[in-house]
Every structure is written in C-alpha cells, then in structure tokens.
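Text of the file start_28.csv, holding CSV, C-alpha atoms:
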chain,number,residue,atom,x,y,z
A,1,MET,CA,-113.0,33.1,50.2
A,2,GLY,CA,-111.9,33.0,53.9
A,3,THR,CA,-114.9,35.1,54.9
A,4,PHE,CA,-117.2,32.8,53.0
A,5,CYS,CA,-115.8,29.7,54.7
A,6,SER,CA,-116.1,31.4,58.1
A,7,VAL,CA,-119.8,32.1,57.5
A,8,VAL,CA,-120.8,28.8,55.9
A,9,LYS,CA,-120.0,26.3,58.6
A,10,PHE,CA,-121.1,22.7,59.1
A,11,GLU,CA,-123.8,23.7,61.6
A,12,ASN,CA,-125.2,26.2,59.2
A,13,LEU,CA,-125.3,23.6,56.4
A,14,GLN,CA,-127.3,21.4,58.8
A,15,GLU,CA,-129.9,24.1,59.1
A,16,LEU,CA,-130.7,23.7,55.4
A,17,LYS,CA,-132.9,20.8,56.3
A,18,ARG,CA,-135.4,23.4,57.6
A,19,LEU,CA,-136.3,24.0,54.0
A,20,CYS,CA,-137.6,20.5,53.7
A,21,HIS,CA,-140.9,21.3,55.2
A,22,TRP,CA,-144.3,22.2,53.8
A,23,GLY,CA,-144.2,25.7,55.4
A,24,PRO,CA,-141.0,27.1,53.7
A,25,ILE,CA,-141.9,25.3,50.5
A,26,ILE,CA,-145.3,27.1,50.3
A,27,ALA,CA,-143.9,30.4,51.5
A,28,LEU,CA,-141.0,30.4,49.0
A,29,GLY,CA,-143.4,29.1,46.3
A,30,VAL,CA,-145.7,32.1,46.8
A,31,ILE,CA,-142.7,34.5,46.8
A,32,ALA,CA,-141.3,32.9,43.6
A,33,ILE,CA,-144.6,33.0,41.7
A,34,CYS,CA,-145.5,36.6,42.7
A,35,SER,CA,-142.0,37.9,42.0
A,36,THR,CA,-141.5,36.1,38.7
A,37,MET,CA,-144.9,37.1,37.3
A,38,ALA,CA,-144.5,40.7,38.5
A,39,MET,CA,-141.1,41.0,36.6
A,40,ILE,CA,-142.6,39.5,33.5
A,41,ASP,CA,-145.7,41.7,33.6
A,42,SER,CA,-143.6,44.8,34.3
A,43,VAL,CA,-141.8,44.2,31.0
A,44,LEU,CA,-145.1,44.1,29.2
A,45,TRP,CA,-146.7,47.0,31.0
A,46,TYR,CA,-143.8,49.4,31.6
A,47,TRP,CA,-140.7,48.5,29.6
A,48,PRO,CA,-137.8,49.4,32.0
A,49,LEU,CA,-135.2,50.3,29.3
A,50,HIS,CA,-137.2,53.0,27.6
A,51,THR,CA,-138.2,55.3,30.4
A,52,THR,CA,-136.9,56.4,33.8
A,53,GLY,CA,-140.2,55.4,35.5
A,54,GLY,CA,-140.0,51.9,34.0
A,55,SER,CA,-136.4,51.5,35.3
A,56,VAL,CA,-137.4,52.7,38.8
A,57,ASN,CA,-140.4,50.4,38.8
A,58,PHE,CA,-138.3,47.3,37.9
A,59,ILE,CA,-135.5,48.2,40.4
A,60,MET,CA,-138.1,48.6,43.2
A,61,LEU,CA,-139.6,45.2,42.3
A,62,ILE,CA,-136.2,43.5,42.5
A,63,ASN,CA,-135.5,45.4,45.8
A,64,TRP,CA,-138.7,44.1,47.4
A,65,THR,CA,-137.8,40.5,46.5
A,66,VAL,CA,-134.2,40.7,47.8
A,67,MET,CA,-135.3,42.3,51.1
A,68,ILE,CA,-138.1,39.9,51.6
A,69,LEU,CA,-135.9,36.9,51.0
A,70,TYR,CA,-133.1,38.3,53.2
A,71,ASN,CA,-135.3,38.8,56.2
A,72,TYR,CA,-137.1,35.5,55.6
A,73,PHE,CA,-133.9,33.5,55.6
A,74,ASN,CA,-132.5,35.5,58.5
A,75,ALA,CA,-135.6,34.6,60.6
A,76,MET,CA,-135.2,30.9,59.5
A,77,PHE,CA,-131.5,30.3,59.8
A,78,VAL,CA,-130.4,32.7,62.6
A,79,GLY,CA,-133.1,31.3,64.8
A,80,PRO,CA,-134.6,32.6,68.1
A,81,GLY,CA,-131.6,31.7,70.3
A,82,PHE,CA,-131.8,28.8,72.8
A,83,VAL,CA,-131.1,28.7,76.5
A,84,PRO,CA,-127.7,27.0,76.9
A,85,LEU,CA,-127.9,23.3,77.9
A,86,GLY,CA,-127.3,22.9,81.6
A,87,TRP,CA,-127.9,26.7,82.3
A,88,LYS,CA,-128.3,27.9,85.8
A,89,PRO,CA,-128.8,31.4,87.1
A,90,LYS,CA,-125.8,33.2,88.5
A,91,ASN,CA,-127.4,33.5,91.9
A,92,SER,CA,-128.2,30.0,92.9
A,93,GLN,CA,-131.0,31.3,95.3
A,94,ASP,CA,-132.9,32.5,92.2
A,95,SER,CA,-133.4,28.9,91.1
A,96,VAL,CA,-136.5,28.6,93.3
A,97,TYR,CA,-138.2,31.1,91.0
A,98,LEU,CA,-137.5,29.1,87.8
A,99,GLN,CA,-138.9,26.0,86.3
A,100,TYR,CA,-136.5,23.1,85.5
A,101,CYS,CA,-136.6,21.6,82.0
A,102,LYS,CA,-135.8,17.9,82.2
A,103,VAL,CA,-135.3,17.7,78.4
A,104,CYS,CA,-132.6,20.5,78.3
A,105,GLN,CA,-131.3,19.6,81.7
A,106,ALA,CA,-131.4,23.4,82.5
A,107,TYR,CA,-133.5,26.0,84.2
A,108,LYS,CA,-135.8,28.0,82.1
A,109,ALA,CA,-134.5,31.6,82.0
A,110,PRO,CA,-137.0,34.4,82.5
A,111,ARG,CA,-139.3,34.7,79.4
A,112,SER,CA,-138.1,31.4,77.9
A,113,HIS,CA,-140.3,28.4,77.1
A,114,HIS,CA,-139.7,24.9,75.9
A,115,CYS,CA,-140.6,24.3,72.3
A,116,ARG,CA,-141.7,20.7,71.5
A,117,LYS,CA,-140.9,21.2,67.8
A,118,CYS,CA,-137.4,22.5,68.3
A,119,ASN,CA,-136.9,20.3,71.4
A,120,ARG,CA,-135.1,23.2,73.1
A,121,CYS,CA,-135.9,26.0,75.6
A,122,VAL,CA,-136.3,29.1,73.4
A,123,MET,CA,-135.2,32.6,74.7
A,124,LYS,CA,-138.1,35.0,74.8
A,125,MET,CA,-140.2,32.6,72.8
A,126,ASP,CA,-143.1,34.2,70.9
A,127,HIS,CA,-144.3,31.2,68.9
A,128,HIS,CA,-143.2,28.4,66.6
A,129,CYS,CA,-143.9,29.5,63.1
A,130,PRO,CA,-144.4,26.7,60.5
A,131,TRP,CA,-143.8,29.1,57.6
A,132,ILE,CA,-140.1,29.5,58.7
A,133,ASN,CA,-140.0,26.0,60.3
A,134,ASN,CA,-138.4,27.6,63.4
A,135,CYS,CA,-139.3,29.5,66.5
A,136,CYS,CA,-139.7,33.3,66.6
A,137,GLY,CA,-137.9,34.6,69.6
A,138,TYR,CA,-135.1,36.8,71.0
A,139,GLN,CA,-132.6,36.8,68.1
A,140,ASN,CA,-134.9,36.6,65.1
A,141,HIS,CA,-137.9,38.6,66.3
A,142,ALA,CA,-136.8,41.7,64.3
A,143,SER,CA,-136.1,39.9,61.1
A,144,PHE,CA,-139.4,38.0,61.3
A,145,THR,CA,-141.4,41.2,61.9
A,146,LEU,CA,-139.6,43.0,59.0
A,147,PHE,CA,-140.5,40.1,56.8
A,148,LEU,CA,-144.1,40.5,57.8
A,149,LEU,CA,-143.9,44.2,56.9
A,150,LEU,CA,-142.1,43.8,53.5
A,151,ALA,CA,-144.1,40.9,52.2
A,152,PRO,CA,-147.4,42.8,52.1
A,153,LEU,CA,-145.7,45.9,50.7
A,154,GLY,CA,-144.1,43.9,47.9
A,155,CYS,CA,-147.4,42.1,47.2
A,156,ILE,CA,-149.2,45.5,46.9
A,157,HIS,CA,-146.7,46.6,44.4
A,158,ALA,CA,-146.9,43.3,42.5
A,159,ALA,CA,-150.7,43.4,42.6
A,160,PHE,CA,-150.7,46.9,41.0
A,161,ILE,CA,-148.4,45.7,38.2
A,162,PHE,CA,-150.8,42.7,37.6
A,163,VAL,CA,-153.8,44.9,37.4
A,164,MET,CA,-152.2,47.4,35.0
A,165,THR,CA,-150.7,44.7,32.8
A,166,MET,CA,-154.1,43.0,32.4
A,167,TYR,CA,-155.8,46.4,31.7
A,168,THR,CA,-153.3,47.5,29.1
A,169,GLN,CA,-153.1,44.1,27.4
A,170,LEU,CA,-156.8,43.6,27.2
A,171,TYR,CA,-157.8,47.2,26.3
A,172,ASN,CA,-157.1,46.8,22.6
A,173,ARG,CA,-158.4,43.3,22.4
A,174,LEU,CA,-162.0,44.1,23.4
A,175,SER,CA,-164.7,44.2,20.7
A,176,PHE,CA,-168.1,45.4,21.6
A,177,GLY,CA,-171.3,44.1,19.8
A,178,TRP,CA,-174.9,44.9,20.4
A,179,ASN,CA,-175.3,42.3,23.1
A,180,THR,CA,-171.8,40.8,23.6
A,181,VAL,CA,-168.3,41.8,24.5
A,182,LYS,CA,-165.5,39.6,23.0
A,183,ILE,CA,-161.8,39.4,23.9
A,184,ASP,CA,-159.4,38.3,21.1
A,185,MET,CA,-156.3,37.1,23.0
A,186,SER,CA,-154.5,36.4,19.7
A,187,ALA,CA,-154.5,40.1,18.8
A,188,ALA,CA,-151.2,41.9,19.0
A,189,ARG,CA,-150.7,44.5,21.7
A,190,ARG,CA,-148.5,46.6,19.5
A,191,ASP,CA,-146.4,46.6,16.4
A,192,PRO,CA,-143.8,45.2,16.6
A,193,LEU,CA,-144.9,42.3,18.7
A,194,PRO,CA,-143.9,42.4,22.4
A,195,ILE,CA,-140.9,40.4,23.6
A,196,ILE,CA,-143.1,38.3,25.9
A,197,PRO,CA,-146.4,37.4,24.3
A,198,PHE,CA,-149.5,37.8,26.4
A,199,GLY,CA,-151.8,35.0,25.6
A,200,LEU,CA,-154.5,33.1,27.4
A,201,ALA,CA,-152.0,31.2,29.6
A,202,ALA,CA,-150.2,34.4,30.6
A,203,PHE,CA,-153.6,36.0,31.5
A,204,ALA,CA,-154.5,33.0,33.7
A,205,ALA,CA,-151.1,33.0,35.4
A,206,THR,CA,-151.3,36.8,36.0
A,207,LEU,CA,-154.8,36.4,37.5
A,208,PHE,CA,-153.6,33.5,39.7
A,209,ALA,CA,-150.6,35.6,40.9
A,210,LEU,CA,-152.9,38.5,41.6
A,211,GLY,CA,-155.0,36.3,43.9
A,212,LEU,CA,-151.9,35.1,45.7
A,213,ALA,CA,-150.7,38.7,46.1
A,214,LEU,CA,-154.0,40.0,47.5
A,215,GLY,CA,-154.4,37.0,49.9
A,216,THR,CA,-150.8,37.4,51.2
A,217,THR,CA,-151.3,41.1,51.7
A,218,ILE,CA,-154.3,40.5,53.9
A,219,ALA,CA,-153.1,37.5,55.8
A,220,VAL,CA,-149.5,38.6,56.4
A,221,GLY,CA,-150.6,42.2,57.0
A,222,MET,CA,-152.8,41.1,59.9
A,223,LEU,CA,-149.9,39.1,61.4
A,224,PHE,CA,-147.7,42.2,61.2
A,225,PHE,CA,-150.3,44.3,63.0
A,226,ILE,CA,-150.5,41.7,65.8
A,227,GLN,CA,-146.7,41.5,66.1
A,228,MET,CA,-146.3,45.3,66.3
A,229,LYS,CA,-149.0,45.5,68.9
A,230,ILE,CA,-147.2,43.2,71.3
A,231,ILE,CA,-143.7,44.6,70.4
A,232,LEU,CA,-144.8,48.1,71.4
A,233,ARG,CA,-145.8,46.7,74.7
A,234,ASN,CA,-142.6,44.6,75.0
A,235,LYS,CA,-144.4,41.3,75.2
A,236,THR,CA,-144.5,38.1,73.3
A,237,SER,CA,-147.6,36.2,72.1
A,238,ILE,CA,-147.3,33.8,75.0
A,239,GLU,CA,-146.9,36.6,77.5
A,240,SER,CA,-149.8,38.5,76.1
A,241,TRP,CA,-151.9,35.4,76.6
A,242,ILE,CA,-150.6,35.0,80.2
A,243,GLU,CA,-151.5,38.6,81.0
A,244,GLU,CA,-154.9,38.3,79.5
A,245,LYS,CA,-155.7,35.1,81.4
A,246,ALA,CA,-154.4,36.7,84.7
A,247,LYS,CA,-156.6,39.8,84.2
A,248,ASP,CA,-159.6,37.7,83.3
A,249,ARG,CA,-159.2,35.7,86.5
A,250,ILE,CA,-158.8,38.8,88.6
A,251,GLN,CA,-162.0,40.3,87.1
A,252,TYR,CA,-164.0,37.1,87.2
A,253,TYR,CA,-163.2,36.2,90.8
A,254,GLN,CA,-163.3,39.9,91.9
A,255,LEU,CA,-159.9,39.7,93.5
A,256,ASP,CA,-158.1,42.7,94.9
A,257,ASP,CA,-154.8,41.9,93.1
A,258,ASP,CA,-153.4,44.2,90.4
A,259,PHE,CA,-151.5,42.5,87.6
A,260,VAL,CA,-148.3,44.4,86.6
A,261,PHE,CA,-146.3,43.3,83.6
A,262,PRO,CA,-142.7,43.7,84.6
A,263,TYR,CA,-141.1,44.1,81.2
A,264,ASP,CA,-143.1,47.0,79.9
A,265,MET,CA,-140.7,50.0,79.9
A,266,GLY,CA,-143.5,52.5,80.1
A,267,SER,CA,-142.7,53.9,76.7
A,268,ARG,CA,-143.5,52.5,73.2
A,269,TRP,CA,-140.2,53.8,71.9
A,270,LYS,CA,-138.3,52.1,74.6
A,271,ASN,CA,-140.2,48.9,74.0
A,272,PHE,CA,-139.6,49.2,70.3
A,273,LYS,CA,-135.8,49.5,70.9
A,274,GLN,CA,-135.8,46.3,72.8
A,275,VAL,CA,-136.4,44.4,69.5
A,276,PHE,CA,-135.2,46.8,66.7
A,277,THR,CA,-131.7,48.2,66.9
A,278,TRP,CA,-129.4,49.9,64.2
A,279,SER,CA,-126.9,47.1,64.5
A,280,GLY,CA,-129.6,44.4,63.9
A,281,VAL,CA,-128.5,42.7,67.2
A,282,PRO,CA,-131.3,42.8,69.9
A,283,GLU,CA,-130.4,44.3,73.3
A,284,GLY,CA,-129.4,42.1,76.1
A,285,ASP,CA,-128.3,38.5,76.1
A,286,GLY,CA,-131.7,36.8,76.1
A,287,LEU,CA,-131.3,35.6,79.7
A,288,ASP,CA,-131.5,38.8,81.8
A,289,TRP,CA,-134.0,41.5,81.0
A,290,PRO,CA,-134.6,45.1,82.1
A,291,VAL,CA,-137.7,45.5,84.2
A,292,ARG,CA,-139.9,48.3,85.6
A,293,GLU,CA,-138.7,50.2,88.6
A,294,ASP,CA,-141.3,48.6,90.9
A,295,CYS,CA,-140.7,45.0,89.6
A,296,HIS,CA,-137.9,42.5,89.3
A,297,GLN,CA,-137.2,39.5,87.0
A,298,TYR,CA,-139.5,37.2,88.9
A,299,SER,CA,-142.5,39.5,89.4
A,300,LEU,CA,-144.7,37.1,87.3
A,301,THR,CA,-144.2,34.6,90.1
A,302,VAL,CA,-145.9,35.7,93.4
A,303,ARG,CA,-144.3,34.6,96.7
A,304,TYR,CA,-146.7,33.5,99.5
A,305,LYS,CA,-146.0,32.6,103.1
A,306,VAL,CA,-148.1,29.8,104.8
A,307,ILE,CA,-149.9,31.1,107.8
A,308,GLU,CA,-152.1,28.0,108.6
A,309,ASP,CA,-151.5,24.3,108.2
A,310,TYR,CA,-153.2,22.4,105.3
A,311,SER,CA,-153.3,18.6,105.2
A,312,GLY,CA,-153.5,18.3,101.4
A,313,THR,CA,-157.0,16.9,101.2
A,314,CYS,CA,-159.0,17.4,98.1
A,315,CYS,CA,-162.0,19.1,99.7
A,316,PRO,CA,-161.0,20.4,103.1
A,317,LEU,CA,-164.0,21.1,105.4
A,318,ASN,CA,-162.0,23.1,107.9
A,319,ARG,CA,-161.1,25.8,105.3
A,320,GLY,CA,-164.6,27.0,104.8
A,321,ILE,CA,-167.7,26.1,102.8
A,322,LYS,CA,-166.8,28.1,99.7
A,323,THR,CA,-163.3,26.5,99.6
A,324,PHE,CA,-164.9,23.1,100.0
A,325,PHE,CA,-167.3,23.5,97.1
A,326,THR,CA,-164.9,25.3,94.8
A,327,SER,CA,-162.1,22.7,94.9
A,328,PRO,CA,-160.5,22.6,91.4
A,329,CYS,CA,-162.0,19.8,89.2
A,330,THR,CA,-158.6,18.5,88.0
A,331,GLU,CA,-156.3,15.6,88.5
A,332,GLU,CA,-153.5,17.9,89.6
A,333,PRO,CA,-152.4,17.1,93.1
A,334,ARG,CA,-152.9,19.1,96.3
A,335,ILE,CA,-149.8,19.9,98.4
A,336,ARG,CA,-149.5,19.7,102.2
A,337,LEU,CA,-148.5,22.9,103.8
A,338,GLN,CA,-147.1,23.8,107.2
A,339,LYS,CA,-147.0,27.1,108.9
A,340,GLY,CA,-143.9,29.2,108.0
A,341,GLU,CA,-143.3,27.5,104.6
A,342,PHE,CA,-143.1,29.6,101.4
A,343,ILE,CA,-145.0,29.0,98.1
A,344,LEU,CA,-144.3,30.4,94.6
A,345,ALA,CA,-147.8,30.7,93.0
A,346,THR,CA,-148.1,30.9,89.2
A,347,ARG,CA,-151.9,30.8,88.8
A,348,GLY,CA,-155.0,30.5,90.8
A,349,LEU,CA,-158.8,30.8,91.3
A,350,ARG,CA,-160.7,32.8,93.8
A,351,TYR,CA,-160.3,30.4,96.7
A,352,TRP,CA,-157.4,28.3,95.5
A,353,LEU,CA,-153.9,28.8,94.2
A,354,TYR,CA,-151.5,26.7,92.2
A,355,GLY,CA,-147.7,26.8,92.7
A,356,ASP,CA,-144.5,25.2,93.9
A,357,LYS,CA,-143.4,24.7,97.5
A,358,ILE,CA,-140.0,26.1,98.2
A,359,LEU,CA,-137.9,23.2,99.5
A,360,ASP,CA,-134.4,23.1,100.9
A,361,ASP,CA,-131.2,23.3,98.8
A,362,SER,CA,-132.0,20.0,97.1
A,363,VAL,CA,-134.4,21.9,94.8
A,364,LEU,CA,-131.5,23.9,93.4
A,365,GLU,CA,-130.0,20.7,92.0
A,366,GLY,CA,-132.9,20.1,89.7
A,367,VAL,CA,-134.9,17.7,91.9
A,368,SER,CA,-138.6,17.7,91.1
A,369,ARG,CA,-140.5,20.2,93.2
A,370,ILE,CA,-143.7,19.7,95.1
A,371,ARG,CA,-146.3,21.3,92.9
A,372,GLY,CA,-150.0,21.5,93.2
A,373,TRP,CA,-153.1,23.3,94.5
A,374,PHE,CA,-153.7,24.7,98.0
A,375,PRO,CA,-156.4,26.9,99.6
A,376,ARG,CA,-155.9,30.7,99.2
A,377,ASN,CA,-156.9,31.4,102.9
A,378,CYS,CA,-153.9,29.3,104.1
A,379,VAL,CA,-151.3,31.8,102.8
A,380,GLU,CA,-150.6,35.4,102.7
A,381,LYS,CA,-148.7,37.4,100.0
A,382,CYS,CA,-145.2,38.4,101.0
A,383,PRO,CA,-144.6,42.2,101.2
A,384,CYS,CA,-143.2,43.8,98.1
A,385,ASP,CA,-140.0,44.7,99.8
A,386,ALA,CA,-139.5,41.1,100.8
A,387,GLU,CA,-139.9,40.1,97.1
A,388,THR,CA,-137.5,42.7,96.1
A,389,ASP,CA,-134.9,41.4,98.5
A,390,GLN,CA,-134.9,38.1,96.5
A,391,ALA,CA,-133.8,39.9,93.3
A,392,PRO,CA,-130.2,39.5,92.2
A,393,GLU,CA,-127.8,42.2,93.3
A,394,GLY,CA,-127.3,43.4,89.8
A,395,GLU,CA,-131.0,44.1,89.4
A,396,LYS,CA,-131.0,46.1,92.7
A,397,LYS,CA,-128.3,48.3,91.2
A,398,ASN,CA,-130.2,48.8,88.0
A,399,ARG,CA,-133.3,50.0,89.8
For this file, produce the structure as structure tokens.
Amino acid sequence: MGTFCSVVKFENLQELKRLCHWGPIIALGVIAICSTMAMIDSVLWYWPLHTTGGSVNFIMLINWTVMILYNYFNAMFVGPGFVPLGWKPKNSQDSVYLQYCKVCQAYKAPRSHHCRKCNRCVMKMDHHCPWINNCCGYQNHASFTLFLLLAPLGCIHAAFIFVMTMYTQLYNRLSFGWNTVKIDMSAARRDPLPIIPFGLAAFAATLFALGLALGTTIAVGMLFFIQMKIILRNKTSIESWIEEKAKDRIQYYQLDDDFVFPYDMGSRWKNFKQVFTWSGVPEGDGLDWPVREDCHQYSLTVRYKVIEDYSGTCCPLNRGIKTFFTSPCTEEPRIRLQKGEFILATRGLRYWLYGDKILDDSVLEGVSRIRGWFPRNCVEKCPCDAETDQAPEGEKKNR
C-alpha cells in the first residue's frame, strides 16, 4: 500500500486530464476495439482451452495488449522531461550561445525547444504528439518508439485472427447455385452451438476491426520507420529538419561550408544506446549531451568576428551589388556592427547571415539580445580552436 501511495501522487493524478483529448480517446478506442474483437474472434476460431496452440495464441494476444498500453501510458504520463524553470548553464559564459525563453524564464538547454501546447521548454524535443497529448522527448522517446513498434505487430496478429475467423465461420455457410452464391448467417458453425454466436452483426464488427487493424499497421508502422531512422542518427525530427535546411542552403548558394551534426556518435549502435537502455532510463540528464570529437555542445551555432563596420541599413550600397540586390525580403531587422564585435549566426543566405550580437554581461541576465540580419562579407568565421575554447571545461576533458 505504501508503494502504491508513493507512485500515485497528486501531480500524477493531475496528469489524468491528458486523457480528456480527442487524440487519446481515438487511440485508446482503436486499441479497445481491435483487442476486444480479436479476443472474441480467437475464441470462435481457435478455442484456447482445447489445444496448446489456442492457449498460446490467446496469451500472445493479451500480451500484445498489455505491452501496447504500458508503453502508451508511459509515453503519455512520464512525459518528455522539461527544462527546469529558471535554468542557467553552469558556466555563465555559455549563456551567449543559448536562447532565452521569456515564458519559462530560463535559457533553452542544448537540443531543447519551447512547446506552445505544453507551455514549457522540452528537453530534446522531437515533436508534440496529439495521440498521447504530450510531447515526445528525452524521457519518453524510448516508450513512444516501442509503442510505435508494438502497435503494428499486435494489429498484424489481430488482423490474422479476423481473417481466419471470417473464413472458418463463413466456410460452412456458403451455398453455391448455378448463377449465385448465398451466405446463410443463421446456420450453425458446429454442433453444439458456439459459446459466442457469429451472426451478421459479429461479421460486420469483425470486418470493421479488420479495417482498423490494417490502417493502424500501415500508418503507425510508417511512423516507427521514421523514428528509428532518426534515432539511429541520434537526431530528433526538429534536428533532422534543421540539418536538411542547412544542407539545402549550402548546396543552393554554393557555399564552402560543411555542415557537421555534433551529436552523431559515428556508430548506429552508440546512437541507439542514447535512447534505449536496459534500465529504461535514457542516458544523461537531458541538459548536457555527448558530442563528436571535433565538435562541442554549441557547434550548431557558428561564431563570427566582425571585420568591417556595417551601419544596419536595409540595402547597403557599399557592401557590393550582389549584397544590395539580395537583401532578405523580411520584416526582421538588420543589426549595426562594429569592427571587433562577435556574432552568433544561426542561419543565413549566400550573401547575408542572421544571428545574435554578443553583448556585455547584461546579456547573461536574460536581457533581450540584438538579433537580426547582416552582410556575410562584414564578418569572418572564428577558427575552430577559438570555438573549442568556448566549450565548458567538462567537455574539454570528455574529448
């Protein structure tokens, strides 16, 4: 009783409101329909008490249902893990690399993003899933992926039971004429009558459940394939999109830059172990992450040094014709630069970059930064060894 009370806390009971959403209602409804009909039809097709095969079939069916629900509720109620309110990096100098969330009043840790639905910054956010009415992230990524694996496998088993039940029940009810084929649904399957009658309503329910099972197998199976693809590369859906966008820009604008994803361990097995562990608890704390030997936590943010002054005008004539005519068509501001200042660029075009100007210590206290566009030919990328020097001491030791 004490263990039960320690698990069921007030905060956990508050999480039950996540069930009051169209996503979990539909998902649990599909699971309930497919599982219930599969158990009923397995009794008609392969009576579990008469043969060993029937018993094994029925036990496997129950096992699929239990494991699917266990991982589903784990993904829903355990949650992705949120960046603590008011969080700051241990090394205050690293704050210049991080975005500040005004809602959470905290810096966004590496790989974290703010979710508008959850209204919190989510650690290693992958996406917000309406089917679990929660985010998929650091803590529940493994449970969510296991659910995506088990649901199609269970549906395949259920679909096989549905097909075999309809076949065996309709086989002795068919009557063939010269030009017609009739089905007498009132005819008995065997003597004595089955425990559960298989009439027209049961046939329609089985056919409906078969459609749900096949549709779930295809839809959820595709989601599982997508998730495993990014897990084996140690990415999230958001990071995969960021990398694709960065590579497209490099190719389109014919830049000399090489995009290196810092969290790819170089081995699919090592990437796999970042999410799946024997203990069920993911590695790390969701705030600091292991990176490649030639990278550090902030490799996704490129540090530039200003080599020429820029007045902040929208279309500067003194920066060249190409820079003048390719000024970004956006309402986002331009930032004034002075020689010797430093910029953290997060995205860019061929002749323009977008990023944050590194200010004095006031920026470390959460004051809004100066953010906007500036010409690429006003700055130069800092050497790799200079970027490495900005990494925390603990990361230098790990490399």
Skipping near chain neighbours, those fewer than 5 positions away, what residues fall within 8 Å of segment 280-286 of chain A using all atoms listed in the file, listed as a list in words?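 The filter keeps Gly81, Met123, Lys124, Tyr138, Gln139, Ala142, Lys273, Gln274 and Val275 of chain A.
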Let me make sure I understand: among A:Val220, A:Ile31, A:Met37, A:Leu207, which one has the smallest atom-to-atom distance to Met166 of chain A if we use all atoms listed in the file? A:Leu207
Could you tell me, as a ChimeraX atom specification, which residues have any atom at most 6 Å from (-155.6, 24.0, 95.5), counting all atoms listed in the file? /A:334,352-354,373-375
Atom CA of Arg347 of chain A and atom CA of Cys129 of chain A are how many Å apart?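 About the pair atom CA of Arg347 of chain A and atom CA of Cys129 of chain A: they are 26.9 Å apart.
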Closest-contact table, segment 82-179 of chain A side, partner segment 68-74 of chain A, 12 Å, counting all atoms listed in the file, as a Markdown table:
| residue | atom | partner | partner_atom | distance |
| --- | --- | --- | --- | --- |
| A:Cys129 | CA | A:Tyr72 | CA | 11.8 |
| A:Trp131 | CA | A:Tyr72 | CA | 9.5 |
| A:Ile132 | CA | A:Tyr72 | CA | 7.4 |
| A:Asn133 | CA | A:Phe73 | CA | 10.7 |
| A:Asn134 | CA | A:Phe73 | CA | 10.8 |
| A:Cys136 | CA | A:Asn74 | CA | 11.1 |
| A:Gln139 | CA | A:Asn74 | CA | 9.7 |
| A:Asn140 | CA | A:Asn74 | CA | 7.1 |
| A:His141 | CA | A:Asn74 | CA | 10.0 |
| A:Ala142 | CA | A:Asn71 | CA | 8.7 |
| A:Ser143 | CA | A:Asn71 | CA | 5.1 |
| A:Phe144 | CA | A:Asn71 | CA | 6.6 |
| A:Thr145 | CA | A:Asn71 | CA | 8.7 |
| A:Leu146 | CA | A:Asn71 | CA | 6.6 |
| A:Phe147 | CA | A:Asn71 | CA | 5.4 |
| A:Leu148 | CA | A:Ile68 | CA | 8.6 |
| A:Leu149 | CA | A:Ile68 | CA | 9.0 |
| A:Leu150 | CA | A:Ile68 | CA | 5.9 |
| A:Ala151 | CA | A:Ile68 | CA | 6.1 |
| A:Pro152 | CA | A:Ile68 | CA | 9.8 |
| A:Leu153 | CA | A:Ile68 | CA | 9.7 |
| A:Gly154 | CA | A:Ile68 | CA | 8.1 |
| A:Cys155 | CA | A:Ile68 | CA | 10.5 |
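From atom CA of Thr65 of chain A back to atom CA of Val163 of chain A, the distance works out to 18.9 Å.
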Between A:Ile231, A:Ala159, A:Cys329, A:Leu337, which residue has the minimum interatomic distance to Phe208 of chain A, considering all atoms listed in the file? A:Ala159
Can you work out which one of A:Ile156, A:Tyr351, A:Gly199, A:Lys339 has the shortest atom-to-atom distance to Leu212 of chain A, counting all atoms listed in the file?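 Answer, going by the shortest atom-to-atom distance: A:Ile156.
Ranking A:Arg120, A:Lys102, A:Lys229, A:Lys108 by their shortest atom-to-atom distance to Lys88 of chain A, with only C-alpha atoms included, puts A:Lys108 first.
Here atom CA of Met125 of chain A is placed at a distance of 23.5 Å from atom CA of Ile25 of chain A.
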What's around segment 287-289 of chain A at 12 Å? Count all atoms listed in the file, leave out sequence neighbours fewer than 3 positions away in its own chain, and write the answer as a ChimeraX atom specification. /A:81-84,87-90,107-113,121-125,138-139,234-235,262-265,271,274,282-284,292,295-298,391-392,394-395,398
Which residues come within 9 Å of Gly54 of chain A, counting all atoms listed in the file, excluding same-chain residues fewer than 6 positions away, as a list in words? Ser42, Val43, Trp45, Tyr46, Trp47 and Pro48 of chain A
Give me a file of those residues, with C-alpha atoms, as a PDB file, keeping the file's coordinate frame.
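See out_28.pdb below for the written result:
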ATOM      1  CA  SER A  42    -143.600  44.800  34.300  1.00  0.00           C
ATOM      2  CA  VAL A  43    -141.800  44.200  31.000  1.00  0.00           C
ATOM      3  CA  TRP A  45    -146.700  47.000  31.000  1.00  0.00           C
ATOM      4  CA  TYR A  46    -143.800  49.400  31.600  1.00  0.00           C
ATOM      5  CA  TRP A  47    -140.700  48.500  29.600  1.00  0.00           C
ATOM      6  CA  PRO A  48    -137.800  49.400  32.000  1.00  0.00           C
TER       7      PRO A  48
END
Using the file's own x, y and z axes, so that the box edges lie along x, y and z, what centre and edge lengths in Å (one decimal) does a box around every listed atom of segment 323-326 of chain A get when 3 Å is added on each side? Give it as lines of an AutoDock Vina configuration file.
center_x = -165.3
center_y = 24.8
center_z = 97.4
size_x = 10.0
size_y = 9.4
size_z = 11.2
Taking all atoms listed in the file into account, name the residue in A:Pro80, A:Gly86, A:Gly348, A:Gly53 that is nearest to Ser327 of chain A.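 Closest candidate: A:Gly348.
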